[in-house]
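Have a look at the structure below before the remarks.
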Amino acid sequence: MKQLLLVFAFALSPKIHAQFVESAGVDSLSTVEEELQTDDSNFTFTESQLGENDDITSDVIRVNSVTNVYASQIGWTWSGIWFKYRALDNAYNDIYMNGVQVNNPENGRFSYSTIGGMNDAVRNKDDVSPFEANNFSFSGMGGSSNYNLRASQMPAGHKVTLSGANRNYTLRAMYSYGTGLSKDGWAFFGTVGYRWSNMQTAAIKGTFYNSLAYFLAAQKVINEKHSLSLSVWGNPTERATAGASTDEAYWLANDYQYNPYWGYQNGQKRASRVVNTFDPSILATWDFNIRENMKLTTSFFFKDAKYKSTKLNYSGTNPHPDYWKRFPSYNYDVWGREGDYTYDNAAFWAAYDNWKDEPYRQINFDELYFANTQLNKIGADAIYWIEARHNNHLMTNISSTYDWNIKMGTRLSAGIQLLSNRGSHYRTLEDLLGGQYFHNTNTYLVGDYQETSTEAMYDVNHGYQKIIEGDRYGYDYDLWNQDIKLWAGLSKDYNIMHSFVMAKMGGRRMWRQGFMRNGLFQDNSYGKSGKAHFLDGGIKAGTTINLGKGHAITAGLGYELRAPGAAVSFMCPEMNNDFVADLENEKVFSAELGYAISNKWFRLNLSGYYYNIKDATEWQQFYNDDSNSFSYNSLTGVKRAYYGVELGLKVKLTSNLDLLALGTYSEAKYTDDTNVNWMSSTTGKINEEICHNKGMRQSGTPLAAASLGLNYRINRWYLGLTGNYYDRIYLSYSTNMRYETNLKNAGRFHAGEYDVPDQAKGNGGFMLDASIGRQFTVFHNPLSVNLQLCNLTNRRNITTGGYEQSRSNYSVTETEGSGTDVTTKPRTYNFEKNAKKFYAQGFNFMLNLNYRF
């Protein structure tokens, strides 16, 4: 058994790991795109390097997102690890299209998957850094991007693209056609694309990918002063997702691609987690050239976004293959701890042998069907089913932007935006898996209440009804956000200085409207809630001082008040109308200092930054097995700090050979413990806690990264070789594990001090990437061939994301009185040592062929 313990100690070091599919936090899924244009990185300049100008003068330089070597390169270079700019959440990166903001105000984020598969339509964009003047926005603390979707700005002619890959999809085809601007002032552009893989060809077992993308644009230049443009696009997509699992699961499966979200049904593969999305969008723009140096741009944006994600649910035995009680370490304490732990040798090896059988490692759909059909015979409720969670958004936004070049070197820009967003959130019964129905009852409440009691009903308005396929159940509500925002910026050149100042102010109101009367909140769940109102704003200033001979110093300061979004503003939106207590504006102080050198053969950017965030609000939902209920958790007064250094270096070694070096070392952590209000779905009572999360880091991105690459061009050939190193990768921490009450229950309170568990980390490591390309002439037209080879050394033990589990390392055996005095028993399975992780895909490639005519 000592040998067994050693085997486990080494085996649980990640020697064999699954491929990465999507970054995920607790109970979250996010799309991962395989294209440079549409990744979910935060503020990455994925193709701005294509527009770099090597003929910058050696006397005066303008430091911006294009000339900044670090900022312009990280999106492409570190895309394999899904690097986040300054470890910031996507909500801090503002996205605009023709000057109108398209971030979802409910959560602040923009989903890049909505423009996936339409690369040729979204190449033309302006990226600005957090402290860079621009004519379309008050730049976000994670930067801003403005896509130009006017048909006259699209490339003229035909283009066909064919791609093959071993990534999320295996085949891709795209066709684009643009007319350019005709003599009579008309321009048209269109593109259509399709991306595909099935369960036989997908890189990860149990997944597939089907996505159609379209984009159509028309523009009429009426005269020298007026132009009208219209763009419509969408990409209906169906894809199966893979899930994170523990190192023990990856080792037992001996499969780099282990995925617990699929199984066999009648001998055919079936996925349990399938995402369907469709975001048809319309953008109309009026450009008014008031004078030669003065312009007014007004845009109207409309989006009707549909999102549905399925999930296997149950009221019987947990059917998921990586459920913790199915692992060998559930039966034997492999960690060698002192205490009352289980040591069942026979059960350990029995579980080990089971895991060696692939059907055991997957969902047994036939078994679930059999259980439900047996219950049909006695008229009982189904205990297994596939449900679908819907998050739909109907968004309208109108903006008007004024841009005035007052004189050489002086520019004034200003704008106003009016936005409304309705987020519709509900759950439907997708597939009863052979069952006939189940009742409108929260089964977690059965025991405390009668099954037919109103308190146990999801919707009292419909009584003790039978739920059948297609019905809405559990929850059904809308969240409304309505915003107004005004901003202005002035930039000016004065001798050796280029400076700017920007300011913004705005207002937000939000409310909830429930369509079900929840049994625990019969007077506070159906109908409209009250309205919350917030005023926010900010100011930002920056300067570049040219020191001569290509040297410059940059500096910036900013302070913002950011209103919370509806996604974090309600205590338990699935059950009632209550707002979170102590809801405040988020307060952000930001600063940046940089040094730059630029000449014809050498570029260097060195920057330091510091962001301090106070009074932020975070919201989580997870299953709490201590109380056998779902827990709705609101963290308020959150304090976080982000700071670090960034280096970018580009050297032209010869006329054909460039050297590129990138590096960052950063910190992104909570600076103080946090107040928590949490509510159990079985009691409806609010509990106050302190979460000891001081020192916890932001997850899902390396906090240290470095890159060294060589790029060679000759005779229409392009060769690139880049080595990347990633380190300090943290996993999303469990708040539940660090609540004061739970720390005491776990025996982590001694001599008046709390022994807070260290945050789980992932493995960093080295990756080697290469690319080779050549342009040919075929029938007098260019044919480009490019092959990207990623992770040439096949390193699969680099963590790209994951999360700690929220279950406890003990079980509650008795509760007395108020529930503050509990008796606990330690569990043999160690949740603290079994975080769920995603890992970098091994060697992967993409071959692209582009033909223009």
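Each chain in the structure tokens gets a letter, A, B and so on, in the order shown; residues start at 1 in every chain, and ligands are counted from 1 in the order they appear.
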Next on the checklist: Env of Ile363 of chain A: 9 Å cut, atoms = only C-alpha atoms, seq-sep filter 4 positions within chain, self excluded. Answer as a PyMOL selection string.
Outcome noted: chain A and resi 260-265+270-272+319-321+359+367-368
Checklist entry - Among segment 289-523 of chain A, which residues carry a DSSP assignment of strand (DSSP E or B), reported as number ranges by chain? => result A: 289-291, 294-314, 332, 343, 363-364, 384-407, 410-431, 438-439, 441, 446, 449, 457, 466-467, 472-494, 497-514
List every residue of segment 597-663 of chain A that has an atom at most 10 Å from any atom of segment 541-561 of chain A, and for each one report the closest atom pair and its distance in Å to one decimal, counting only C-alpha atoms, with rows sorted by chain and then by increasing residue number, as a tab-separated table.
residue	atom	partner	partner_atom	distance
A:Ile597	CA	A:His551	CA	4.6
A:Ser598	CA	A:Gly550	CA	4.8
A:Asn599	CA	A:Gly550	CA	5.9
A:Lys600	CA	A:Gly550	CA	9.6
A:Phe602	CA	A:Gly550	CA	9.7
A:Arg603	CA	A:Gly550	CA	9.0
A:Leu604	CA	A:His551	CA	9.5
A:Asn605	CA	A:Ala552	CA	9.6
A:Leu606	CA	A:Ile553	CA	9.6
A:Ser607	CA	A:Thr554	CA	8.6
A:Gly608	CA	A:Ala555	CA	9.6
A:Tyr609	CA	A:Gly556	CA	9.2
A:Tyr610	CA	A:Leu557	CA	9.6
A:Tyr611	CA	A:Gly558	CA	9.3
A:Asn612	CA	A:Tyr559	CA	9.5
A:Ile613	CA	A:Glu560	CA	9.5
A:Lys614	CA	A:Leu561	CA	9.8
A:Asp615	CA	A:Leu561	CA	9.9
Checklist entry - Neighbours of Ser666 of chain A within 9 Å (only C-alpha atoms; same-chain residues fewer than 2 positions away dropped), as a list in words? => result Arg86, Ala87, Tyr642, Tyr643, Gly644, Val645, Glu646, Thr664, Ala668, Pro702, Leu703 and Ala704 of chain A
Checklist entry - So how many Å separate atom CA of Trp717 of chain A and atom CA of Thr191 of chain A, to one decimal? => result 27.7 Å
Next on the checklist: Quick check, in Å to one decimal: how far apart do atom CA of Gly764 of chain A and atom CA of Asn168 of chain A lie?
Outcome noted: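 A separation of 22.5 Å between them.
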Checklist entry - Any idea what's packed within 10 Å of Gly193 of chain A, counting only C-alpha atoms, ignoring anything in its chain fewer than 4 positions away? Could you give it as a PyMOL selection string? => result chain A and resi 116-119+160-162+172-176+211-215+235
Residues from last step as file, N, CA, C and O atoms, as a short mmCIF file (atom, residue, chain, number, x, y, z; two decimals), in the first residue's frame:
data_model
loop_
_atom_site.label_atom_id
_atom_site.label_comp_id
_atom_site.auth_asym_id
_atom_site.auth_seq_id
_atom_site.Cartn_x
_atom_site.Cartn_y
_atom_site.Cartn_z
N GLY A 116 -17.83 34.99 -35.12
CA GLY A 116 -17.01 33.88 -35.57
C GLY A 116 -17.38 33.44 -36.98
O GLY A 116 -18.53 33.46 -37.38
N GLY A 117 -16.39 33.06 -37.76
CA GLY A 117 -16.62 32.54 -39.10
C GLY A 117 -16.82 33.60 -40.16
O GLY A 117 -17.11 33.27 -41.31
N MET A 118 -16.67 34.87 -39.80
CA MET A 118 -16.81 35.96 -40.78
C MET A 118 -15.58 36.85 -40.73
O MET A 118 -15.65 38.07 -40.64
N ASN A 119 -14.41 36.20 -40.82
CA ASN A 119 -13.12 36.89 -40.64
C ASN A 119 -12.94 38.08 -41.57
O ASN A 119 -12.46 39.14 -41.15
N VAL A 160 -11.82 33.06 -51.66
CA VAL A 160 -12.23 31.74 -51.19
C VAL A 160 -11.18 31.24 -50.19
O VAL A 160 -9.98 31.32 -50.45
N THR A 161 -11.65 30.75 -49.06
CA THR A 161 -10.77 30.24 -48.02
C THR A 161 -11.17 28.82 -47.67
O THR A 161 -12.35 28.54 -47.42
N LEU A 162 -10.20 27.92 -47.65
CA LEU A 162 -10.41 26.53 -47.22
C LEU A 162 -9.40 26.23 -46.12
O LEU A 162 -8.22 26.58 -46.24
N ARG A 172 -13.15 24.06 -42.54
CA ARG A 172 -13.74 25.39 -42.63
C ARG A 172 -13.70 25.85 -44.08
O ARG A 172 -12.70 25.64 -44.78
N ALA A 173 -14.79 26.45 -44.52
CA ALA A 173 -14.84 27.03 -45.86
C ALA A 173 -15.50 28.39 -45.77
O ALA A 173 -16.52 28.55 -45.08
N MET A 174 -14.93 29.39 -46.47
CA MET A 174 -15.49 30.73 -46.46
C MET A 174 -15.39 31.34 -47.86
O MET A 174 -14.42 31.07 -48.60
N TYR A 175 -16.39 32.13 -48.20
CA TYR A 175 -16.38 32.86 -49.46
C TYR A 175 -16.79 34.29 -49.20
O TYR A 175 -17.76 34.55 -48.47
N SER A 176 -16.07 35.23 -49.79
CA SER A 176 -16.37 36.66 -49.63
C SER A 176 -16.35 37.35 -50.99
O SER A 176 -15.59 36.96 -51.89
N SER A 211 -21.35 25.23 -37.55
CA SER A 211 -21.60 26.66 -37.48
C SER A 211 -21.65 27.26 -38.89
O SER A 211 -20.72 27.09 -39.67
N LEU A 212 -22.74 27.94 -39.17
CA LEU A 212 -22.89 28.70 -40.41
C LEU A 212 -22.80 30.18 -40.07
O LEU A 212 -23.48 30.64 -39.15
N ALA A 213 -22.00 30.94 -40.82
CA ALA A 213 -21.86 32.37 -40.57
C ALA A 213 -22.17 33.14 -41.85
O ALA A 213 -21.83 32.70 -42.95
N TYR A 214 -22.83 34.29 -41.68
CA TYR A 214 -23.11 35.15 -42.83
C TYR A 214 -22.96 36.60 -42.42
O TYR A 214 -23.18 36.97 -41.26
N PHE A 215 -22.57 37.42 -43.37
CA PHE A 215 -22.44 38.86 -43.17
C PHE A 215 -22.75 39.55 -44.48
O PHE A 215 -22.18 39.20 -45.52
N ASN A 235 -24.59 33.93 -36.96
CA ASN A 235 -23.92 32.64 -37.15
C ASN A 235 -24.58 31.55 -36.30
O ASN A 235 -24.11 31.24 -35.20
#
Next on the checklist: Between atom CA of Ala414 of chain A and atom CA of Pro130 of chain A, what distance in Å does the model show, to one decimal?
Outcome noted: 17.3 Å
Write out, as a Markdown table, each residue of segment 519-616 of chain A that has an atom at most 7 Å from segment 473-482 of chain A, together with the closest pair of atoms and their distance in Å to one decimal, counting only C-alpha atoms, rows going by chain and rising number.
| residue | atom | partner | partner_atom | distance |
| --- | --- | --- | --- | --- |
| A:Ala566 | CA | A:Leu479 | CA | 6.5 |
| A:Glu574 | CA | A:Tyr475 | CA | 5.4 |
| A:Met575 | CA | A:Tyr475 | CA | 6.9 |
Checklist entry - Quick one: residues within 10 Å of segment 298-302 of chain A, only C-alpha atoms counted, chain neighbours fewer than 2 positions away excluded, as a PyMOL selection string? => result chain A and resi 97-102+228-232+279-288+296+304-305+394-402+415-421
Next on the checklist: I'd like the contact shell of Gly339 of chain A - 12 Å cut-off, only C-alpha atoms, skipping same-chain residues fewer than 5 positions apart - returned as a count of residues only.
Outcome noted: 7
Checklist entry - What lies within 6 Å of Thr671 of chain A using only C-alpha atoms, ignoring chain neighbours under 4 positions off, as a count of residues only? => result 3
